[in-house]
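Listing of upload.cif; format and content: mmCIF, C-alpha atoms, pLDDT in the B column; chains and numbers go by the auth columns.
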```
data_structure
loop_
_atom_site.group_PDB
_atom_site.id
_atom_site.type_symbol
_atom_site.label_atom_id
_atom_site.label_comp_id
_atom_site.label_asym_id
_atom_site.label_seq_id
_atom_site.Cartn_x
_atom_site.Cartn_y
_atom_site.Cartn_z
_atom_site.B_iso_or_equiv
_atom_site.auth_seq_id
_atom_site.auth_asym_id
ATOM 1 C CA MET A 1 0.000 0.000 0.000 78.00 1 A
ATOM 2 C CA GLN A 2 2.970 2.297 0.533 85.00 2 A
ATOM 3 C CA GLU A 3 3.492 2.395 -3.209 90.00 3 A
ATOM 4 C CA VAL A 4 0.152 4.044 -3.910 90.00 4 A
ATOM 5 C CA LEU A 5 0.516 6.369 -0.907 86.00 5 A
ATOM 6 C CA SER A 6 3.884 7.492 -2.272 90.00 6 A
ATOM 7 C CA LYS A 7 2.256 8.456 -5.560 92.00 7 A
ATOM 8 C CA PHE A 8 0.316 11.114 -3.688 92.00 8 A
ATOM 9 C CA LEU A 9 2.955 12.177 -1.176 90.00 9 A
ATOM 10 C CA LEU A 10 5.898 12.252 -3.616 90.00 10 A
ATOM 11 C CA ASP A 11 4.029 13.873 -6.484 89.00 11 A
ATOM 12 C CA GLU A 12 6.563 15.765 -8.602 88.00 12 A
ATOM 13 C CA ASP A 13 3.999 18.528 -9.133 87.00 13 A
ATOM 14 C CA SER A 14 3.813 19.172 -5.390 85.00 14 A
ATOM 15 C CA PRO A 15 5.225 22.403 -3.968 79.00 15 A
ATOM 16 C CA LEU A 16 6.998 20.149 -1.464 76.00 16 A
ATOM 17 C CA GLN A 17 8.966 18.554 -4.308 76.00 17 A
ATOM 18 C CA LYS A 18 9.637 21.880 -6.022 71.00 18 A
ATOM 19 C CA GLY A 19 11.287 23.421 -2.978 65.00 19 A
ATOM 20 C CA LYS A 20 8.555 25.975 -2.348 64.00 20 A
ATOM 21 C CA ILE A 21 8.971 25.681 1.416 71.00 21 A
ATOM 22 C CA THR A 22 9.957 28.501 3.758 74.00 22 A
ATOM 23 C CA TYR A 23 10.747 28.425 7.480 73.00 23 A
ATOM 24 C CA GLU A 24 10.254 31.663 9.335 75.00 24 A
ATOM 25 C CA GLY A 25 9.300 32.573 12.876 76.00 25 A
ATOM 26 C CA GLY A 26 9.293 28.924 13.922 77.00 26 A
ATOM 27 C CA LYS A 27 6.714 28.009 11.278 78.00 27 A
ATOM 28 C CA ILE A 28 6.847 26.137 7.984 74.00 28 A
ATOM 29 C CA SER A 29 4.853 27.543 5.079 72.00 29 A
ATOM 30 C CA TYR A 30 4.362 26.604 1.439 67.00 30 A
ATOM 31 C CA GLU A 31 4.475 28.886 -1.550 69.00 31 A
ATOM 32 C CA TYR A 32 1.291 28.288 -3.526 69.00 32 A
ATOM 33 C CA ALA A 33 1.526 29.028 -7.243 70.00 33 A
ATOM 34 C CA GLY A 34 -2.213 28.646 -7.686 82.00 34 A
ATOM 35 C CA GLU A 35 -5.221 26.438 -7.048 90.00 35 A
ATOM 36 C CA ILE A 36 -3.418 23.312 -8.224 91.00 36 A
ATOM 37 C CA ASP A 37 -0.776 23.657 -5.490 89.00 37 A
ATOM 38 C CA HIS A 38 -3.491 24.066 -2.878 89.00 38 A
ATOM 39 C CA TYR A 39 -5.297 20.992 -4.231 94.00 39 A
ATOM 40 C CA ILE A 40 -2.135 18.859 -4.176 93.00 40 A
ATOM 41 C CA ILE A 41 -1.281 19.861 -0.596 91.00 41 A
ATOM 42 C CA GLU A 42 -4.816 19.278 0.677 93.00 42 A
ATOM 43 C CA CYS A 43 -4.908 15.799 -0.887 95.00 43 A
ATOM 44 C CA ALA A 44 -1.444 15.018 0.487 94.00 44 A
ATOM 45 C CA LYS A 45 -2.515 16.029 4.003 94.00 45 A
ATOM 46 C CA SER A 46 -5.626 13.855 3.912 96.00 46 A
ATOM 47 C CA VAL A 47 -3.728 10.870 2.465 96.00 47 A
ATOM 48 C CA SER A 48 -1.078 11.328 5.144 96.00 48 A
ATOM 49 C CA ALA A 49 -3.835 11.230 7.782 96.00 49 A
ATOM 50 C CA ILE A 50 -4.991 7.859 6.404 97.00 50 A
ATOM 51 C CA ASP A 51 -1.418 6.561 6.474 96.00 51 A
ATOM 52 C CA SER A 52 -1.028 7.734 10.077 96.00 52 A
ATOM 53 C CA ALA A 53 -4.247 5.932 11.067 96.00 53 A
ATOM 54 C CA VAL A 54 -2.999 2.721 9.435 96.00 54 A
ATOM 55 C CA ASP A 55 0.312 3.009 11.310 95.00 55 A
ATOM 56 C CA LYS A 56 -1.472 3.461 14.646 94.00 56 A
ATOM 57 C CA VAL A 57 -3.627 0.386 14.045 94.00 57 A
ATOM 58 C CA ASN A 58 -0.497 -1.570 13.190 93.00 58 A
ATOM 59 C CA GLN A 59 1.081 -0.398 16.463 91.00 59 A
ATOM 60 C CA SER A 60 -2.034 -1.499 18.356 89.00 60 A
ATOM 61 C CA LEU A 61 -1.618 -5.008 16.962 91.00 61 A
ATOM 62 C CA THR A 62 2.131 -5.065 17.551 88.00 62 A
ATOM 63 C CA ILE A 63 1.768 -4.472 21.290 86.00 63 A
ATOM 64 C CA LEU A 64 -1.216 -6.820 21.620 85.00 64 A
ATOM 65 C CA SER A 65 0.919 -9.725 22.775 81.00 65 A
ATOM 66 C CA TYR A 66 0.907 -11.614 26.062 77.00 66 A
ATOM 67 C CA ASP A 67 4.646 -11.197 26.670 80.00 67 A
ATOM 68 C CA TYR A 68 4.559 -7.438 26.072 80.00 68 A
ATOM 69 C CA ILE A 69 1.471 -6.773 28.181 78.00 69 A
ATOM 70 C CA ASN A 70 2.675 -9.036 30.968 75.00 70 A
ATOM 71 C CA SER A 71 6.033 -7.219 31.030 80.00 71 A
ATOM 72 C CA ILE A 72 4.381 -3.876 31.854 73.00 72 A
ATOM 73 C CA GLY A 73 4.099 -5.010 35.441 62.00 73 A
ATOM 74 C CA CYS A 74 1.901 -2.212 36.795 60.00 74 A
ATOM 75 C CA GLU A 75 0.043 -3.409 39.873 65.00 75 A
ATOM 76 C CA GLN A 76 -2.596 -0.666 39.525 63.00 76 A
ATOM 77 C CA TYR A 77 -4.297 -2.672 36.743 69.00 77 A
ATOM 78 C CA ASN A 78 -4.590 -6.396 36.227 76.00 78 A
ATOM 79 C CA LEU A 79 -3.500 -8.079 32.993 78.00 79 A
ATOM 80 C CA ALA A 80 -7.040 -8.407 31.630 82.00 80 A
ATOM 81 C CA GLU A 81 -7.559 -4.643 31.882 83.00 81 A
ATOM 82 C CA TYR A 82 -4.491 -4.035 29.741 84.00 82 A
ATOM 83 C CA ILE A 83 -5.718 -6.595 27.195 86.00 83 A
ATOM 84 C CA GLU A 84 -9.147 -4.974 27.096 87.00 84 A
ATOM 85 C CA PHE A 85 -7.566 -1.548 26.585 88.00 85 A
ATOM 86 C CA HIS A 86 -5.484 -2.691 23.598 87.00 86 A
ATOM 87 C CA ILE A 87 -8.352 -4.591 21.941 90.00 87 A
ATOM 88 C CA GLU A 88 -10.565 -1.523 22.295 91.00 88 A
ATOM 89 C CA SER A 89 -7.735 0.589 20.916 91.00 89 A
ATOM 90 C CA TYR A 90 -7.584 -1.587 17.796 92.00 90 A
ATOM 91 C CA ILE A 91 -11.344 -1.474 17.220 92.00 91 A
ATOM 92 C CA ILE A 92 -11.584 2.303 17.629 92.00 92 A
ATOM 93 C CA ARG A 93 -8.431 3.123 15.699 93.00 93 A
ATOM 94 C CA ALA A 94 -9.277 0.751 12.840 94.00 94 A
ATOM 95 C CA HIS A 95 -12.542 2.580 12.228 94.00 95 A
ATOM 96 C CA SER A 96 -10.682 5.903 12.143 95.00 96 A
ATOM 97 C CA ILE A 97 -9.106 4.688 8.876 96.00 97 A
ATOM 98 C CA TYR A 98 -12.524 4.762 7.257 96.00 98 A
ATOM 99 C CA ASP A 99 -13.445 8.121 8.779 95.00 99 A
ATOM 100 C CA ARG A 100 -10.263 9.639 7.348 96.00 100 A
ATOM 101 C CA THR A 101 -10.914 8.006 3.987 97.00 101 A
ATOM 102 C CA LEU A 102 -14.238 9.840 3.769 97.00 102 A
ATOM 103 C CA ILE A 103 -12.469 13.125 4.556 97.00 103 A
ATOM 104 C CA PHE A 104 -9.937 12.322 1.831 97.00 104 A
ATOM 105 C CA ILE A 105 -12.737 11.898 -0.738 97.00 105 A
ATOM 106 C CA ASN A 106 -14.082 15.298 0.268 97.00 106 A
ATOM 107 C CA LYS A 107 -10.686 16.832 -0.557 97.00 107 A
ATOM 108 C CA LEU A 108 -10.062 14.689 -3.636 97.00 108 A
ATOM 109 C CA LEU A 109 -13.317 15.721 -5.315 97.00 109 A
ATOM 110 C CA GLN A 110 -13.403 19.185 -3.708 95.00 110 A
ATOM 111 C CA LEU A 111 -16.919 18.576 -2.432 96.00 111 A
ATOM 112 C CA GLY A 112 -16.658 21.375 0.114 93.00 112 A
ATOM 113 C CA ILE A 113 -18.417 19.492 2.913 94.00 113 A
ATOM 114 C CA ASP A 114 -17.590 20.434 6.499 93.00 114 A
ATOM 115 C CA ASN A 115 -15.762 17.510 8.151 90.00 115 A
ATOM 116 C CA SER A 116 -18.272 17.397 11.003 89.00 116 A
ATOM 117 C CA TYR A 117 -21.049 16.486 8.561 93.00 117 A
ATOM 118 C CA ILE A 118 -19.176 13.831 6.590 95.00 118 A
ATOM 119 C CA GLY A 119 -20.614 10.319 6.799 94.00 119 A
ATOM 120 C CA HIS A 120 -20.813 7.177 4.684 94.00 120 A
ATOM 121 C CA GLY A 121 -24.347 7.797 3.390 94.00 121 A
ATOM 122 C CA LEU A 122 -23.624 11.382 2.356 95.00 122 A
ATOM 123 C CA ILE A 123 -20.405 10.506 0.529 96.00 123 A
ATOM 124 C CA VAL A 124 -21.366 7.236 -1.165 95.00 124 A
ATOM 125 C CA SER A 125 -24.570 8.779 -2.553 95.00 125 A
ATOM 126 C CA ASN A 126 -22.811 11.890 -3.878 96.00 126 A
ATOM 127 C CA GLU A 127 -23.147 12.292 -7.653 96.00 127 A
ATOM 128 C CA ASN A 128 -19.459 13.165 -8.097 96.00 128 A
ATOM 129 C CA VAL A 129 -18.391 10.078 -6.155 97.00 129 A
ATOM 130 C CA LYS A 130 -20.601 7.971 -8.431 97.00 130 A
ATOM 131 C CA ARG A 131 -19.448 9.761 -11.597 96.00 131 A
ATOM 132 C CA PHE A 132 -15.831 8.937 -10.847 96.00 132 A
ATOM 133 C CA LYS A 133 -16.828 5.371 -9.887 96.00 133 A
ATOM 134 C CA LEU A 134 -15.477 5.575 -6.350 97.00 134 A
ATOM 135 C CA ASP A 135 -18.727 4.458 -4.719 96.00 135 A
ATOM 136 C CA LYS A 136 -18.197 0.711 -5.284 96.00 136 A
ATOM 137 C CA PRO A 137 -14.591 0.487 -3.995 96.00 137 A
ATOM 138 C CA LEU A 138 -15.690 2.665 -1.077 96.00 138 A
ATOM 139 C CA GLN A 139 -18.569 0.300 -0.250 96.00 139 A
ATOM 140 C CA ALA A 140 -16.187 -2.666 -0.519 95.00 140 A
ATOM 141 C CA LEU A 141 -13.910 -0.965 2.005 96.00 141 A
ATOM 142 C CA LYS A 142 -16.833 -0.161 4.295 95.00 142 A
ATOM 143 C CA LYS A 143 -17.791 -3.865 4.485 94.00 143 A
ATOM 144 C CA GLN A 144 -14.481 -4.662 6.182 93.00 144 A
ATOM 145 C CA PHE A 145 -15.469 -2.514 9.158 92.00 145 A
ATOM 146 C CA LYS A 146 -18.883 -4.113 9.731 90.00 146 A
ATOM 147 C CA THR A 147 -17.536 -6.920 11.938 87.00 147 A
ATOM 148 C CA TYR A 148 -16.633 -4.517 14.742 88.00 148 A
ATOM 149 C CA HIS A 149 -18.876 -1.576 13.901 87.00 149 A
ATOM 150 C CA ASN A 150 -21.479 -2.216 16.609 84.00 150 A
ATOM 151 C CA ILE A 151 -18.783 -3.069 19.148 86.00 151 A
ATOM 152 C CA ARG A 152 -16.995 0.179 18.308 89.00 152 A
ATOM 153 C CA ASN A 153 -20.175 2.205 18.829 85.00 153 A
ATOM 154 C CA THR A 154 -20.822 0.438 22.121 84.00 154 A
ATOM 155 C CA ILE A 155 -17.308 1.216 23.374 86.00 155 A
ATOM 156 C CA ILE A 156 -17.447 4.869 22.333 83.00 156 A
ATOM 157 C CA HIS A 157 -20.912 5.705 23.540 82.00 157 A
ATOM 158 C CA HIS A 158 -21.760 3.861 26.722 74.00 158 A
ATOM 159 C CA ASP A 159 -20.079 0.565 27.479 76.00 159 A
ATOM 160 C CA ARG A 160 -16.954 -1.582 27.296 79.00 160 A
ATOM 161 C CA TYR A 161 -15.604 -4.309 25.038 80.00 161 A
ATOM 162 C CA LYS A 162 -17.625 -7.475 25.521 76.00 162 A
ATOM 163 C CA ASP A 163 -16.783 -11.009 24.516 80.00 163 A
ATOM 164 C CA ASP A 164 -17.935 -14.097 26.415 84.00 164 A
ATOM 165 C CA GLU A 165 -14.553 -15.814 26.343 87.00 165 A
ATOM 166 C CA PHE A 166 -12.722 -12.628 27.305 83.00 166 A
ATOM 167 C CA ASP A 167 -15.213 -11.907 30.092 85.00 167 A
ATOM 168 C CA THR A 168 -14.329 -15.284 31.617 86.00 168 A
ATOM 169 C CA VAL A 169 -10.590 -14.602 31.378 85.00 169 A
ATOM 170 C CA SER A 170 -11.113 -11.103 32.765 84.00 170 A
ATOM 171 C CA LEU A 171 -13.121 -12.424 35.712 85.00 171 A
ATOM 172 C CA TYR A 172 -10.324 -14.849 36.653 80.00 172 A
ATOM 173 C CA HIS A 173 -7.751 -12.048 36.556 80.00 173 A
ATOM 174 C CA LYS A 174 -9.845 -9.674 38.629 80.00 174 A
ATOM 175 C CA VAL A 175 -10.545 -12.320 41.270 81.00 175 A
ATOM 176 C CA GLU A 176 -6.890 -13.340 41.384 77.00 176 A
ATOM 177 C CA SER A 177 -5.872 -9.694 41.744 75.00 177 A
ATOM 178 C CA LEU A 178 -8.209 -9.240 44.713 76.00 178 A
ATOM 179 C CA LEU A 179 -7.015 -12.478 46.317 76.00 179 A
ATOM 180 C CA LYS A 180 -3.424 -11.354 45.934 72.00 180 A
ATOM 181 C CA GLN A 181 -4.163 -7.976 47.510 72.00 181 A
ATOM 182 C CA SER A 182 -5.804 -9.790 50.427 72.00 182 A
ATOM 183 C CA SER A 183 -2.831 -12.162 50.771 74.00 183 A
ATOM 184 C CA LYS A 184 -5.087 -15.135 50.104 71.00 184 A
ATOM 185 C CA ASP A 185 -4.343 -18.291 48.140 71.00 185 A
ATOM 186 C CA PRO A 186 -4.911 -18.056 44.358 69.00 186 A
ATOM 187 C CA MET A 187 -8.019 -19.581 42.818 72.00 187 A
ATOM 188 C CA LEU A 188 -6.102 -20.968 39.824 69.00 188 A
ATOM 189 C CA ASN A 189 -2.577 -22.189 39.358 74.00 189 A
ATOM 190 C CA GLU A 190 -0.549 -19.319 37.869 77.00 190 A
ATOM 191 C CA ASP A 191 0.596 -21.438 34.914 81.00 191 A
ATOM 192 C CA VAL A 192 -3.014 -22.388 34.101 84.00 192 A
ATOM 193 C CA LEU A 193 -4.158 -18.770 34.102 83.00 193 A
ATOM 194 C CA GLU A 194 -1.156 -17.760 32.004 84.00 194 A
ATOM 195 C CA ALA A 195 -1.907 -20.463 29.427 88.00 195 A
ATOM 196 C CA LEU A 196 -5.608 -19.550 29.349 87.00 196 A
ATOM 197 C CA THR A 197 -4.817 -15.870 28.799 87.00 197 A
ATOM 198 C CA SER A 198 -2.076 -16.466 26.260 88.00 198 A
ATOM 199 C CA GLU A 199 -4.269 -18.785 24.164 91.00 199 A
ATOM 200 C CA TYR A 200 -7.130 -16.295 24.144 90.00 200 A
ATOM 201 C CA LEU A 201 -4.859 -13.426 23.174 90.00 201 A
ATOM 202 C CA GLU A 202 -3.155 -15.420 20.426 91.00 202 A
ATOM 203 C CA ALA A 203 -6.508 -16.302 18.856 92.00 203 A
ATOM 204 C CA LYS A 204 -7.841 -12.740 19.187 91.00 204 A
ATOM 205 C CA THR A 205 -4.675 -11.245 17.704 92.00 205 A
ATOM 206 C CA ALA A 206 -4.924 -13.587 14.704 94.00 206 A
ATOM 207 C CA GLU A 207 -8.578 -12.585 14.244 93.00 207 A
ATOM 208 C CA LEU A 208 -7.827 -8.856 14.384 94.00 208 A
ATOM 209 C CA THR A 209 -4.778 -9.218 12.130 95.00 209 A
ATOM 210 C CA GLU A 210 -6.876 -10.938 9.466 96.00 210 A
ATOM 211 C CA ASN A 211 -9.434 -8.148 9.701 95.00 211 A
ATOM 212 C CA PHE A 212 -6.672 -5.528 9.374 96.00 212 A
ATOM 213 C CA ASN A 213 -5.159 -7.268 6.347 96.00 213 A
ATOM 214 C CA GLN A 214 -8.543 -7.221 4.595 96.00 214 A
ATOM 215 C CA ILE A 215 -8.939 -3.529 5.396 96.00 215 A
ATOM 216 C CA LYS A 216 -5.523 -2.742 3.913 96.00 216 A
ATOM 217 C CA GLU A 217 -6.267 -4.778 0.800 96.00 217 A
ATOM 218 C CA LYS A 218 -9.531 -2.927 0.100 97.00 218 A
ATOM 219 C CA LEU A 219 -7.985 0.413 1.041 97.00 219 A
ATOM 220 C CA LYS A 220 -5.178 -0.106 -1.459 96.00 220 A
ATOM 221 C CA LEU A 221 -7.683 -0.824 -4.247 96.00 221 A
ATOM 222 C CA PHE A 222 -9.665 2.281 -3.313 97.00 222 A
ATOM 223 C CA LEU A 223 -6.567 4.512 -3.285 97.00 223 A
ATOM 224 C CA GLU A 224 -5.434 3.168 -6.650 96.00 224 A
ATOM 225 C CA GLU A 225 -8.775 4.205 -8.153 96.00 225 A
ATOM 226 C CA SER A 226 -8.563 7.515 -6.327 97.00 226 A
ATOM 227 C CA PHE A 227 -5.154 8.274 -7.799 97.00 227 A
ATOM 228 C CA LYS A 228 -6.639 8.098 -11.292 96.00 228 A
ATOM 229 C CA VAL A 229 -9.189 10.708 -10.220 97.00 229 A
ATOM 230 C CA TYR A 230 -6.418 12.778 -8.620 97.00 230 A
ATOM 231 C CA GLU A 231 -4.444 12.863 -11.865 96.00 231 A
ATOM 232 C CA HIS A 232 -7.571 13.808 -13.809 95.00 232 A
ATOM 233 C CA ARG A 233 -8.426 16.643 -11.417 95.00 233 A
ATOM 234 C CA LYS A 234 -4.858 17.962 -11.626 93.00 234 A
ATOM 235 C CA SER A 235 -4.960 18.006 -15.409 93.00 235 A
ATOM 236 C CA GLN A 236 -8.140 20.080 -15.224 91.00 236 A
ATOM 237 C CA LEU A 237 -6.559 22.566 -12.807 89.00 237 A
ATOM 238 C CA LYS A 238 -3.515 22.964 -15.055 83.00 238 A
ATOM 239 C CA ILE A 239 -5.619 24.309 -17.905 71.00 239 A
#
```

What would you get if you wrote out this structure as C-alpha cells?
Amino acid sequence: MQEVLSKFLLDEDSPLQKGKITYEGGKISYEYAGEIDHYIIECAKSVSAIDSAVDKVNQSLTILSYDYINSIGCEQYNLAEYIEFHIESYIIRAHSIYDRTLIFINKLLQLGIDNSYIGHGLIVSNENVKRFKLDKPLQALKKQFKTYHNIRNTIIHHDRYKDDEFDTVSLYHKVESLLKQSSKDPMLNEDVLEALTSEYLEAKTAELTENFNQIKEKLKLFLEESFKVYEHRKSQLKI
C-alpha cells in the first residue's frame, strides 16, 4: 500500500517537491503558485492522515501480545484490563481509517463538505463520487469494518468491550488480583491462568490481524482508483 501512498505524497507537481517551502518565525509555510498547489497539498494532508491511522492500528496489533502486556508489570491494573484496553484501541483506531478516507474523498473531489457532517451515506450517494466510480470500492472498504462496527459504537458511547470468552478470562484475573491484595491463596494455578490468557490473546490477535489485512487490501484498491481521479483533477486545474 505504501506504493500508492507514495504516488500522492511524492508527487513531482507538489510544492513540497519543487522546494517551495519557507521556514520563518518557527513556522513552515508553502508557496502556492495557484489552485493546483493548494489541491495537491490538501490531498497530500488527507492521504497522510490515512497513512497515520494505518500506522497506529499496526502499532495497536504489535503491542497486543501476552509477553509485552505481561512485562508492563503495573500493579494498579490487572492483565485483563491491559488486554481490554489494547483490543478496544484496535477497534476504535481501525474505524478511524474509514473516517479519514471519507475526509480524503471530500478533498479529492473538492466537495466542500464540512468535516463534522461527513458520513458514509452522504459521501457514497454523492453524484461526483458515483461519476468517478469511487462508490463501489468505497462500499467494498466499508464492508471490512462491519464486523466490529457495533462493538466500536458500544465502546465509544456507553459501554466496554464485551466477549464471552474474554469476560471469563477477565473475571479470573480480577478475582486473582483481589485475592493477591488480600494475601489469600490463588483460585487458579498461575501457569493455568497464564496459558488460558495467552491462548485467548493469540486467537484474538490472529482474528484482528486478518481483519486488518482485509482492510488494507480494500484500502489499497480504493486509493489506486482515487489516484486516477487525482491525476484527472490535476490536469483540469492545469488548464

Check which residues of segment 60-104 of chain A sit at most 10 Å from segment 144-159 of chain A using only C-alpha atoms, and return one row each with the closest pair of atoms and their distance in Å to one decimal, ordered by chain and rising number, as a tab-separated table.
```
residue	atom	partner	partner_atom	distance
A:Glu88	CA	A:Ile155	CA	7.4
A:Ser89	CA	A:Arg152	CA	9.6
A:Tyr90	CA	A:Arg152	CA	9.6
A:Ile91	CA	A:Arg152	CA	6.0
A:Ile92	CA	A:Arg152	CA	5.9
A:Arg93	CA	A:Arg152	CA	9.4
A:Ala94	CA	A:Phe145	CA	7.9
A:His95	CA	A:Phe145	CA	6.6
A:Ile97	CA	A:Phe145	CA	9.6
A:Tyr98	CA	A:Phe145	CA	8.1
```

Give me the residues within 12 Å of Ile50 of chain A as a list in words, counting only C-alpha atoms and dropping any in the same chain fewer than 5 places off.
Met1, Gln2, Leu5, Phe8, Leu9, Cys43, Ala44, Lys45, Asp55, Lys56, Val57, Arg93, Ala94, His95, Ser96, Ile97, Tyr98, Asp99, Arg100, Thr101, Leu102, Ile103, Phe104, Ile105, Lys216, Leu219, Lys220 and Leu223 of chain A

Point-to-point distance from atom CA of Glu81 of chain A to atom CA of Ser170 of chain A, Å rounded to tenths
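For atom CA of Glu81 of chain A relative to atom CA of Ser170 of chain A, the distance reads 7.4 Å.
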
I'd like the residues picked by the PyMOL selection byres ((chain A and resi 107) around 12) written out as an NGL selection string, using the chain letters and numbers from the file.
:A and (38-47 or 100-106 or 108-115 or 118 or 123 or 129 or 226 or 229-230 or 233)

Atom CA of Ser14 of chain A to atom CA of Val124 of chain A: how many Å, to one decimal?
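These two atoms are separated by 28.2 Å.
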
Between A:Asp13, A:Asn126, A:Glu210, A:Glu176, which is the closest to Ser235 of chain A once you count all atoms listed in the file?
A:Asp13

Using the chain letters and numbering of this document, enumerate as a ChimeraX atom specification the residues selected by the PyMOL selection byres ((chain A and resi 63) around 12).
/A:56-62,64-72,82-83,85-87,89-90,201,205

Output file for the selection above: C-alpha atoms, as a PDB file, in the coordinates of the input:
```
ATOM      1  CA  LYS A  56      -1.472   3.461  14.646  1.00 94.00           C
ATOM      2  CA  VAL A  57      -3.627   0.386  14.045  1.00 94.00           C
ATOM      3  CA  ASN A  58      -0.497  -1.570  13.190  1.00 93.00           C
ATOM      4  CA  GLN A  59       1.081  -0.398  16.463  1.00 91.00           C
ATOM      5  CA  SER A  60      -2.034  -1.499  18.356  1.00 89.00           C
ATOM      6  CA  LEU A  61      -1.618  -5.008  16.962  1.00 91.00           C
ATOM      7  CA  THR A  62       2.131  -5.065  17.551  1.00 88.00           C
ATOM      8  CA  LEU A  64      -1.216  -6.820  21.620  1.00 85.00           C
ATOM      9  CA  SER A  65       0.919  -9.725  22.775  1.00 81.00           C
ATOM     10  CA  TYR A  66       0.907 -11.614  26.062  1.00 77.00           C
ATOM     11  CA  ASP A  67       4.646 -11.197  26.670  1.00 80.00           C
ATOM     12  CA  TYR A  68       4.559  -7.438  26.072  1.00 80.00           C
ATOM     13  CA  ILE A  69       1.471  -6.773  28.181  1.00 78.00           C
ATOM     14  CA  ASN A  70       2.675  -9.036  30.968  1.00 75.00           C
ATOM     15  CA  SER A  71       6.033  -7.219  31.030  1.00 80.00           C
ATOM     16  CA  ILE A  72       4.381  -3.876  31.854  1.00 73.00           C
ATOM     17  CA  TYR A  82      -4.491  -4.035  29.741  1.00 84.00           C
ATOM     18  CA  ILE A  83      -5.718  -6.595  27.195  1.00 86.00           C
ATOM     19  CA  PHE A  85      -7.566  -1.548  26.585  1.00 88.00           C
ATOM     20  CA  HIS A  86      -5.484  -2.691  23.598  1.00 87.00           C
ATOM     21  CA  ILE A  87      -8.352  -4.591  21.941  1.00 90.00           C
ATOM     22  CA  SER A  89      -7.735   0.589  20.916  1.00 91.00           C
ATOM     23  CA  TYR A  90      -7.584  -1.587  17.796  1.00 92.00           C
ATOM     24  CA  LEU A 201      -4.859 -13.426  23.174  1.00 90.00           C
ATOM     25  CA  THR A 205      -4.675 -11.245  17.704  1.00 92.00           C
TER      26      THR A 205
END
```

Which value, in Å to one decimal, gives the distance between atom CA of Lys174 of chain A and atom CA of Glu190 of chain A?
13.4 Å

Nearest to Ala33 of chain A: which of A:Leu237, A:His173, A:Ser183, A:Lys204 is it, counting all atoms listed in the file?
A:Leu237

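Counting only C-alpha atoms and comparing A:Tyr200, A:Phe132, A:Phe212, A:Tyr117, the residue that lies closest to Val54 of chain A is A:Phe212.
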
Report as number ranges by chain all protein, DNA and RNA residues lying within 10 Å of Lys238 of chain A, evaluated on all atoms listed in the file, omitting residues in the same chain fewer than 6 positions from it.
A: 34-37

Hey, which of A:Lys228, A:Lys136, A:Lys143, A:Lys7 ends up closest to Ile215 of chain A? Count all atoms listed in the file.
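Comparing A:Lys228, A:Lys136, A:Lys143, A:Lys7 against Ile215 of chain A, the winner is A:Lys143.
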
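Closest approach to Gly121 of chain A among A:Lys218, A:Lys133, A:Lys234, A:Lys142 is made by A:Lys142 (distances from only C-alpha atoms).
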
Where is the centre and how long are the edges: axis-aligned box on segment 8-19 of chain A, 5 Å on each side, Å to one decimal, as AutoDock Vina command-line options:
```
--center_x 5.8 --center_y 17.3 --center_z -5.2 --size_x 21.0 --size_y 22.3 --size_z 18.0
```

Given all atoms listed in the file as the counted atoms, nearest of A:Met187, A:Leu138, A:Val169, A:Val192 to Glu84 of chain A
A:Val169
